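Raw upload.tsv, TSV, N, CA and C atoms:
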```
chain	number	residue	atom	x	y	z
U	136	MET	N	-5.81	1.88	-20.96
U	136	MET	CA	-5.47	2.82	-19.91
U	136	MET	C	-4.95	2.06	-18.69
U	137	SER	N	-3.79	2.46	-18.19
U	137	SER	CA	-3.20	1.75	-17.05
U	137	SER	C	-3.87	2.20	-15.76
U	138	LYS	N	-3.88	1.29	-14.80
U	138	LYS	CA	-4.48	1.58	-13.50
U	138	LYS	C	-3.46	2.28	-12.61
U	139	LEU	N	-3.95	3.23	-11.80
U	139	LEU	CA	-3.09	4.00	-10.91
U	139	LEU	C	-2.95	3.28	-9.57
U	140	VAL	N	-1.71	3.11	-9.13
U	140	VAL	CA	-1.42	2.49	-7.84
U	140	VAL	C	-0.69	3.52	-6.97
U	141	LEU	N	-1.20	3.72	-5.77
U	141	LEU	CA	-0.56	4.57	-4.77
U	141	LEU	C	0.39	3.72	-3.95
U	142	ILE	N	1.65	4.17	-3.85
U	142	ILE	CA	2.65	3.48	-3.05
U	142	ILE	C	3.15	4.45	-1.98
U	143	ALA	N	3.13	4.01	-0.73
U	143	ALA	CA	3.59	4.86	0.37
U	143	ALA	C	4.59	4.09	1.22
U	144	ASP	N	5.79	4.63	1.31
U	144	ASP	CA	6.85	4.05	2.15
U	144	ASP	C	7.86	5.14	2.44
U	145	ASP	N	8.34	5.22	3.67
U	145	ASP	CA	9.33	6.24	4.01
U	145	ASP	C	10.76	5.80	3.69
U	146	GLU	N	10.95	4.56	3.25
U	146	GLU	CA	12.28	4.08	2.85
U	146	GLU	C	12.39	4.19	1.33
U	147	ASP	N	13.29	5.08	0.87
U	147	ASP	CA	13.42	5.34	-0.56
U	147	ASP	C	13.72	4.10	-1.39
U	148	ASP	N	14.54	3.18	-0.84
U	148	ASP	CA	14.87	1.98	-1.62
U	148	ASP	C	13.66	1.09	-1.83
U	149	ILE	N	12.82	0.94	-0.82
U	149	ILE	CA	11.59	0.14	-0.96
U	149	ILE	C	10.62	0.83	-1.90
U	150	LEU	N	10.46	2.13	-1.72
U	150	LEU	CA	9.58	2.91	-2.58
U	150	LEU	C	10.00	2.77	-4.04
U	151	GLY	N	11.30	2.88	-4.28
U	151	GLY	CA	11.82	2.76	-5.65
U	151	GLY	C	11.62	1.38	-6.23
U	152	LEU	N	11.87	0.36	-5.43
U	152	LEU	CA	11.71	-1.03	-5.89
U	152	LEU	C	10.26	-1.33	-6.26
U	153	VAL	N	9.34	-0.96	-5.39
U	153	VAL	CA	7.92	-1.21	-5.64
U	153	VAL	C	7.46	-0.43	-6.86
U	154	SER	N	7.85	0.83	-6.95
U	154	SER	CA	7.47	1.66	-8.09
U	154	SER	C	7.98	1.08	-9.40
U	155	LEU	N	9.24	0.71	-9.42
U	155	LEU	CA	9.84	0.15	-10.64
U	155	LEU	C	9.12	-1.13	-11.07
U	156	GLN	N	8.90	-2.02	-10.12
U	156	GLN	CA	8.24	-3.30	-10.45
U	156	GLN	C	6.85	-3.07	-11.02
U	157	LEU	N	6.08	-2.19	-10.40
U	157	LEU	CA	4.71	-1.98	-10.86
U	157	LEU	C	4.65	-1.20	-12.17
U	158	ARG	N	5.59	-0.28	-12.36
U	158	ARG	CA	5.65	0.42	-13.66
U	158	ARG	C	6.00	-0.56	-14.78
U	159	ARG	N	6.93	-1.44	-14.51
U	159	ARG	CA	7.29	-2.47	-15.50
U	159	ARG	C	6.10	-3.37	-15.83
U	160	ALA	N	5.22	-3.55	-14.85
U	160	ALA	CA	4.04	-4.40	-15.04
U	160	ALA	C	2.91	-3.63	-15.74
U	161	GLY	N	3.14	-2.34	-16.04
U	161	GLY	CA	2.16	-1.58	-16.78
U	161	GLY	C	1.26	-0.67	-15.97
U	162	TYR	N	1.54	-0.54	-14.68
U	162	TYR	CA	0.72	0.33	-13.83
U	162	TYR	C	1.28	1.74	-13.82
U	163	GLU	N	0.41	2.71	-13.65
U	163	GLU	CA	0.82	4.08	-13.37
U	163	GLU	C	1.01	4.14	-11.86
U	164	VAL	N	2.00	4.90	-11.40
U	164	VAL	CA	2.33	4.91	-9.97
U	164	VAL	C	2.38	6.35	-9.46
U	165	VAL	N	1.85	6.55	-8.26
U	165	VAL	CA	2.01	7.80	-7.54
U	165	VAL	C	2.62	7.44	-6.18
U	166	GLU	N	3.60	8.23	-5.74
U	166	GLU	CA	4.37	7.89	-4.53
U	166	GLU	C	4.14	8.89	-3.40
U	167	ALA	N	4.13	8.34	-2.18
U	167	ALA	CA	4.06	9.15	-0.96
U	167	ALA	C	5.15	8.66	-0.01
U	168	ARG	N	5.70	9.57	0.79
U	168	ARG	CA	6.77	9.21	1.71
U	168	ARG	C	6.32	9.21	3.18
U	169	ASP	N	5.05	9.50	3.41
U	169	ASP	CA	4.50	9.40	4.77
U	169	ASP	C	3.00	9.17	4.66
U	170	GLY	N	2.39	8.83	5.78
U	170	GLY	CA	0.98	8.47	5.77
U	170	GLY	C	0.05	9.62	5.45
U	171	ALA	N	0.38	10.82	5.91
U	171	ALA	CA	-0.47	11.98	5.65
U	171	ALA	C	-0.50	12.27	4.15
U	172	GLU	N	0.66	12.21	3.51
U	172	GLU	CA	0.74	12.43	2.06
U	172	GLU	C	-0.02	11.33	1.31
U	173	ALA	N	0.08	10.10	1.79
U	173	ALA	CA	-0.64	8.99	1.16
U	173	ALA	C	-2.14	9.22	1.21
U	174	LEU	N	-2.64	9.64	2.35
U	174	LEU	CA	-4.08	9.89	2.50
U	174	LEU	C	-4.53	11.01	1.56
U	175	THR	N	-3.76	12.09	1.50
U	175	THR	CA	-4.08	13.20	0.60
U	175	THR	C	-4.11	12.74	-0.85
U	176	LEU	N	-3.09	11.99	-1.27
U	176	LEU	CA	-3.03	11.51	-2.65
U	176	LEU	C	-4.17	10.54	-2.97
U	177	ALA	N	-4.54	9.72	-2.01
U	177	ALA	CA	-5.65	8.79	-2.22
U	177	ALA	C	-6.94	9.54	-2.50
U	178	LEU	N	-7.16	10.63	-1.80
U	178	LEU	CA	-8.37	11.43	-1.98
U	178	LEU	C	-8.32	12.26	-3.26
U	179	GLU	N	-7.14	12.78	-3.60
U	179	GLU	CA	-6.99	13.62	-4.78
U	179	GLU	C	-6.94	12.83	-6.09
U	180	ARG	N	-6.26	11.70	-6.08
U	180	ARG	CA	-5.97	10.98	-7.33
U	180	ARG	C	-6.85	9.76	-7.59
U	181	SER	N	-7.59	9.30	-6.59
U	181	SER	CA	-8.47	8.13	-6.73
U	181	SER	C	-7.77	6.92	-7.35
U	182	PRO	N	-6.73	6.40	-6.68
U	182	PRO	CA	-6.03	5.24	-7.24
U	182	PRO	C	-6.91	4.00	-7.24
U	183	ALA	N	-6.50	3.01	-8.05
U	183	ALA	CA	-7.22	1.74	-8.11
U	183	ALA	C	-6.84	0.84	-6.94
U	184	LEU	N	-5.65	1.09	-6.34
U	184	LEU	CA	-5.13	0.26	-5.26
U	184	LEU	C	-4.07	1.04	-4.51
U	185	ALA	N	-3.88	0.73	-3.22
U	185	ALA	CA	-2.82	1.37	-2.42
U	185	ALA	C	-1.93	0.30	-1.81
U	186	VAL	N	-0.62	0.54	-1.87
U	186	VAL	CA	0.38	-0.30	-1.21
U	186	VAL	C	1.00	0.59	-0.13
U	187	LEU	N	0.76	0.24	1.14
U	187	LEU	CA	1.16	1.11	2.25
U	187	LEU	C	2.11	0.40	3.20
U	188	ASP	N	3.22	1.06	3.52
U	188	ASP	CA	4.09	0.57	4.58
U	188	ASP	C	3.35	0.75	5.91
U	189	VAL	N	3.51	-0.18	6.81
U	189	VAL	CA	2.85	-0.06	8.11
U	189	VAL	C	3.51	1.04	8.94
U	190	THR	N	4.83	1.08	8.97
U	190	THR	CA	5.56	2.03	9.81
U	190	THR	C	6.02	3.21	8.98
U	191	MET	N	5.29	4.33	9.12
U	191	MET	CA	5.62	5.57	8.40
U	191	MET	C	5.42	6.75	9.34
U	192	PRO	N	6.09	7.87	9.04
U	192	PRO	CA	5.88	9.08	9.84
U	192	PRO	C	4.49	9.69	9.59
U	193	LYS	N	4.09	10.54	10.49
U	193	LYS	CA	2.84	11.31	10.48
U	193	LYS	C	1.62	10.42	10.72
U	194	LEU	N	1.31	9.51	9.82
U	194	LEU	CA	0.25	8.51	10.03
U	194	LEU	C	0.83	7.17	9.62
U	195	ASP	N	0.64	6.13	10.43
U	195	ASP	CA	1.13	4.82	10.01
U	195	ASP	C	0.14	4.19	9.02
U	196	GLY	N	0.56	3.11	8.38
U	196	GLY	CA	-0.27	2.46	7.38
U	196	GLY	C	-1.58	1.94	7.91
U	197	LEU	N	-1.61	1.54	9.17
U	197	LEU	CA	-2.85	1.07	9.78
U	197	LEU	C	-3.86	2.21	9.89
U	198	GLU	N	-3.40	3.37	10.34
U	198	GLU	CA	-4.29	4.52	10.48
U	198	GLU	C	-4.75	5.03	9.11
U	199	VAL	N	-3.85	5.04	8.14
U	199	VAL	CA	-4.25	5.44	6.79
U	199	VAL	C	-5.34	4.50	6.28
U	200	THR	N	-5.17	3.20	6.50
U	200	THR	CA	-6.17	2.22	6.06
U	200	THR	C	-7.50	2.46	6.76
U	201	ARG	N	-7.47	2.70	8.06
U	201	ARG	CA	-8.71	2.98	8.80
U	201	ARG	C	-9.44	4.21	8.23
U	202	ARG	N	-8.67	5.25	7.94
U	202	ARG	CA	-9.27	6.48	7.41
U	202	ARG	C	-9.81	6.27	5.99
U	203	LEU	N	-9.11	5.48	5.20
U	203	LEU	CA	-9.61	5.16	3.86
U	203	LEU	C	-10.94	4.41	3.96
U	204	ARG	N	-11.03	3.48	4.89
U	204	ARG	CA	-12.25	2.69	5.07
U	204	ARG	C	-13.40	3.55	5.60
U	205	ALA	N	-13.08	4.60	6.36
U	205	ALA	CA	-14.10	5.46	6.95
U	205	ALA	C	-14.65	6.49	5.96
U	206	ASN	N	-13.94	6.70	4.85
U	206	ASN	CA	-14.35	7.70	3.86
U	206	ASN	C	-15.13	7.04	2.74
U	207	GLU	N	-16.29	7.57	2.44
U	207	GLU	CA	-17.16	7.01	1.40
U	207	GLU	C	-16.43	6.88	0.05
U	208	ALA	N	-15.62	7.87	-0.28
U	208	ALA	CA	-14.93	7.90	-1.58
U	208	ALA	C	-13.85	6.82	-1.71
U	209	THR	N	-13.29	6.38	-0.58
U	209	THR	CA	-12.18	5.43	-0.64
U	209	THR	C	-12.48	4.11	0.08
U	210	ARG	N	-13.70	3.93	0.51
U	210	ARG	CA	-14.08	2.76	1.31
U	210	ARG	C	-13.73	1.43	0.63
U	211	GLU	N	-13.88	1.36	-0.69
U	211	GLU	CA	-13.67	0.11	-1.42
U	211	GLU	C	-12.27	-0.03	-2.00
U	212	LEU	N	-11.41	0.94	-1.76
U	212	LEU	CA	-10.04	0.92	-2.31
U	212	LEU	C	-9.27	-0.28	-1.77
U	213	PRO	N	-8.80	-1.18	-2.63
U	213	PRO	CA	-7.98	-2.29	-2.14
U	213	PRO	C	-6.67	-1.78	-1.53
U	214	VAL	N	-6.29	-2.35	-0.39
U	214	VAL	CA	-5.07	-1.94	0.32
U	214	VAL	C	-4.21	-3.16	0.61
U	215	ILE	N	-2.93	-3.05	0.23
U	215	ILE	CA	-1.92	-4.04	0.62
U	215	ILE	C	-0.98	-3.36	1.60
U	216	LEU	N	-0.82	-3.93	2.78
U	216	LEU	CA	0.12	-3.41	3.77
U	216	LEU	C	1.45	-4.14	3.64
U	217	LEU	N	2.55	-3.38	3.76
U	217	LEU	CA	3.90	-3.94	3.77
U	217	LEU	C	4.48	-3.73	5.16
U	218	SER	N	5.11	-4.78	5.70
U	218	SER	CA	5.69	-4.61	7.03
U	218	SER	C	6.78	-5.63	7.31
U	219	ALA	N	7.73	-5.22	8.12
U	219	ALA	CA	8.75	-6.14	8.61
U	219	ALA	C	8.26	-6.85	9.87
U	220	ARG	N	7.11	-6.42	10.38
U	220	ARG	CA	6.52	-7.04	11.58
U	220	ARG	C	5.85	-8.34	11.16
U	221	VAL	N	6.39	-9.44	11.65
U	221	VAL	CA	5.96	-10.75	11.15
U	221	VAL	C	5.12	-11.55	12.13
U	222	GLN	N	4.80	-10.96	13.27
U	222	GLN	CA	4.00	-11.69	14.25
U	222	GLN	C	2.56	-11.81	13.76
U	223	GLU	N	1.92	-12.89	14.12
U	223	GLU	CA	0.52	-13.11	13.75
U	223	GLU	C	-0.37	-11.96	14.20
U	224	ALA	N	-0.10	-11.39	15.37
U	224	ALA	CA	-0.90	-10.28	15.89
U	224	ALA	C	-0.77	-9.04	15.00
U	225	ASP	N	0.42	-8.83	14.41
U	225	ASP	CA	0.61	-7.68	13.52
U	225	ASP	C	-0.23	-7.84	12.27
U	226	VAL	N	-0.24	-9.03	11.71
U	226	VAL	CA	-1.05	-9.32	10.52
U	226	VAL	C	-2.53	-9.14	10.87
U	227	ALA	N	-2.93	-9.61	12.04
U	227	ALA	CA	-4.32	-9.48	12.48
U	227	ALA	C	-4.71	-8.01	12.61
U	228	ARG	N	-3.81	-7.17	13.15
U	228	ARG	CA	-4.10	-5.74	13.26
U	228	ARG	C	-4.29	-5.12	11.88
U	229	GLY	N	-3.49	-5.57	10.92
U	229	GLY	CA	-3.64	-5.07	9.55
U	229	GLY	C	-4.99	-5.43	8.97
U	230	ARG	N	-5.41	-6.66	9.18
U	230	ARG	CA	-6.72	-7.11	8.69
U	230	ARG	C	-7.85	-6.35	9.39
U	231	GLU	N	-7.70	-6.15	10.70
U	231	GLU	CA	-8.72	-5.42	11.46
U	231	GLU	C	-8.85	-3.97	10.99
U	232	ALA	N	-7.74	-3.38	10.56
U	232	ALA	CA	-7.77	-2.01	10.05
U	232	ALA	C	-8.48	-1.94	8.70
U	233	GLY	N	-8.60	-3.09	8.03
U	233	GLY	CA	-9.31	-3.12	6.76
U	233	GLY	C	-8.46	-3.47	5.56
U	234	ALA	N	-7.21	-3.88	5.77
U	234	ALA	CA	-6.35	-4.23	4.64
U	234	ALA	C	-6.86	-5.49	3.94
U	235	ASN	N	-6.71	-5.50	2.63
U	235	ASN	CA	-7.08	-6.66	1.83
U	235	ASN	C	-5.98	-7.72	1.85
U	236	ASP	N	-4.74	-7.27	2.01
U	236	ASP	CA	-3.60	-8.19	1.98
U	236	ASP	C	-2.50	-7.61	2.85
U	237	TYR	N	-1.56	-8.48	3.26
U	237	TYR	CA	-0.46	-8.09	4.15
U	237	TYR	C	0.77	-8.83	3.64
U	238	LEU	N	1.78	-8.09	3.24
U	238	LEU	CA	2.99	-8.68	2.67
U	238	LEU	C	4.17	-8.36	3.58
U	239	LEU	N	4.90	-9.39	3.94
U	239	LEU	CA	6.02	-9.22	4.87
U	239	LEU	C	7.29	-8.81	4.14
U	240	LYS	N	8.03	-7.87	4.74
U	240	LYS	CA	9.35	-7.47	4.23
U	240	LYS	C	10.39	-8.39	4.83
U	241	PRO	N	11.41	-8.77	4.11
U	241	PRO	CA	11.59	-8.48	2.69
U	241	PRO	C	10.66	-9.34	1.84
U	242	PHE	N	10.25	-8.80	0.73
U	242	PHE	CA	9.34	-9.52	-0.16
U	242	PHE	C	9.96	-9.61	-1.55
U	243	ARG	N	9.46	-10.53	-2.34
U	243	ARG	CA	9.90	-10.65	-3.72
U	243	ARG	C	9.01	-9.74	-4.56
U	244	ALA	N	9.63	-8.97	-5.44
U	244	ALA	CA	8.89	-8.01	-6.26
U	244	ALA	C	7.80	-8.71	-7.08
U	245	ARG	N	8.09	-9.89	-7.58
U	245	ARG	CA	7.10	-10.62	-8.38
U	245	ARG	C	5.89	-11.03	-7.53
U	246	GLU	N	6.14	-11.35	-6.26
U	246	GLU	CA	5.03	-11.71	-5.37
U	246	GLU	C	4.12	-10.51	-5.15
U	247	LEU	N	4.72	-9.33	-4.93
U	247	LEU	CA	3.92	-8.12	-4.78
U	247	LEU	C	3.10	-7.87	-6.04
U	248	GLN	N	3.74	-7.97	-7.20
U	248	GLN	CA	3.03	-7.75	-8.45
U	248	GLN	C	1.86	-8.73	-8.60
U	249	ALA	N	2.07	-9.98	-8.25
U	249	ALA	CA	1.01	-10.99	-8.36
U	249	ALA	C	-0.18	-10.63	-7.46
U	250	ARG	N	0.12	-10.12	-6.28
U	250	ARG	CA	-0.97	-9.75	-5.36
U	250	ARG	C	-1.71	-8.51	-5.84
U	251	VAL	N	-0.98	-7.56	-6.39
U	251	VAL	CA	-1.61	-6.37	-6.98
U	251	VAL	C	-2.50	-6.81	-8.14
U	252	ASP	N	-1.95	-7.63	-9.03
U	252	ASP	CA	-2.71	-8.12	-10.19
U	252	ASP	C	-3.99	-8.82	-9.72
U	253	ALA	N	-3.89	-9.65	-8.70
U	253	ALA	CA	-5.05	-10.41	-8.22
U	253	ALA	C	-6.13	-9.48	-7.66
U	254	LEU	N	-5.73	-8.47	-6.90
U	254	LEU	CA	-6.72	-7.55	-6.33
U	254	LEU	C	-7.37	-6.66	-7.38
U	255	LEU	N	-6.67	-6.42	-8.47
U	255	LEU	CA	-7.21	-5.55	-9.52
U	255	LEU	C	-7.87	-6.33	-10.66
U	256	ALA	N	-7.84	-7.65	-10.58
U	256	ALA	CA	-8.43	-8.47	-11.66
U	256	ALA	C	-9.94	-8.34	-11.71
```
Starting from the coordinates I provided, produce the structure as structure tokens.
Amino acid sequence: MSKLVLIADDEDDILGLVSLQLRRAGYEVVEARDGAEALTLALERSPALAVLDVTMPKLDGLEVTRRLRANEATRELPVILLSARVQEADVARGREAGANDYLLKPFRARELQARVDALLA
């Protein structure tokens, strides 16, 4: 049985790239185009891992991560944040929100897959 990965990004090209790479790696994927949808899907579908863009409409990835950590049902859900923000302070904010990993855009699809694999091992 393949593990379900939630991917949330408001950029269709990034969403498509991440989805394709993870499907090829054998994961089942569910997609969200904003933070509110990502939070709803996380609660409804109970994914094994979430890949969240930091900058999204409605709720940003940091707020989604905080809310996931605050909810008993999703507290342990591994979260990888994706962002074009490359400053050390941005990465620190991601870690403070509760993210397990932080991947800078642009990223290599194989690197993302390796990090997903590592968190789900």
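Minimum distance to Val164 in chain U across U:Ala208, U:Leu141, U:Val186, U:Leu197 (counting only N, CA and C atoms) occurs at U:Leu141.
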Write down as a PyMOL selection string the residues belonging to range 144-192 of chain U that are assigned helix (DSSP H, G or I) by DSSP computed on the backbone.
-> chain U and resi 147-159+170-180
Per-residue DSSP, range 145-186 of chain U, filtered to strand (DSSP E), as a PyMOL selection string = chain U and resi 163-167+184-186
Selected residue of minimal separation from Val189 in chain U among U:Leu216, U:Leu150, U:Val140, U:Leu157, counting only C-alpha atoms =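 Going through U:Leu216, U:Leu150, U:Val140, U:Leu157 one by one, the smallest distance to Val189 in chain U is for U:Leu216.
Atom C of Thr190 in chain U sits 14.2 Å away from CA of Arg228 in chain U.
Put simply, CA of Glu231 in chain U is 18.3 Å away from CA of Met191 in chain U.
Proximity to Gly229 in chain U was assessed for U:Asp145, U:Ala249, U:Asp195, U:Glu211 counting only C-alpha atoms; the smallest distance is recorded for U:Asp195.
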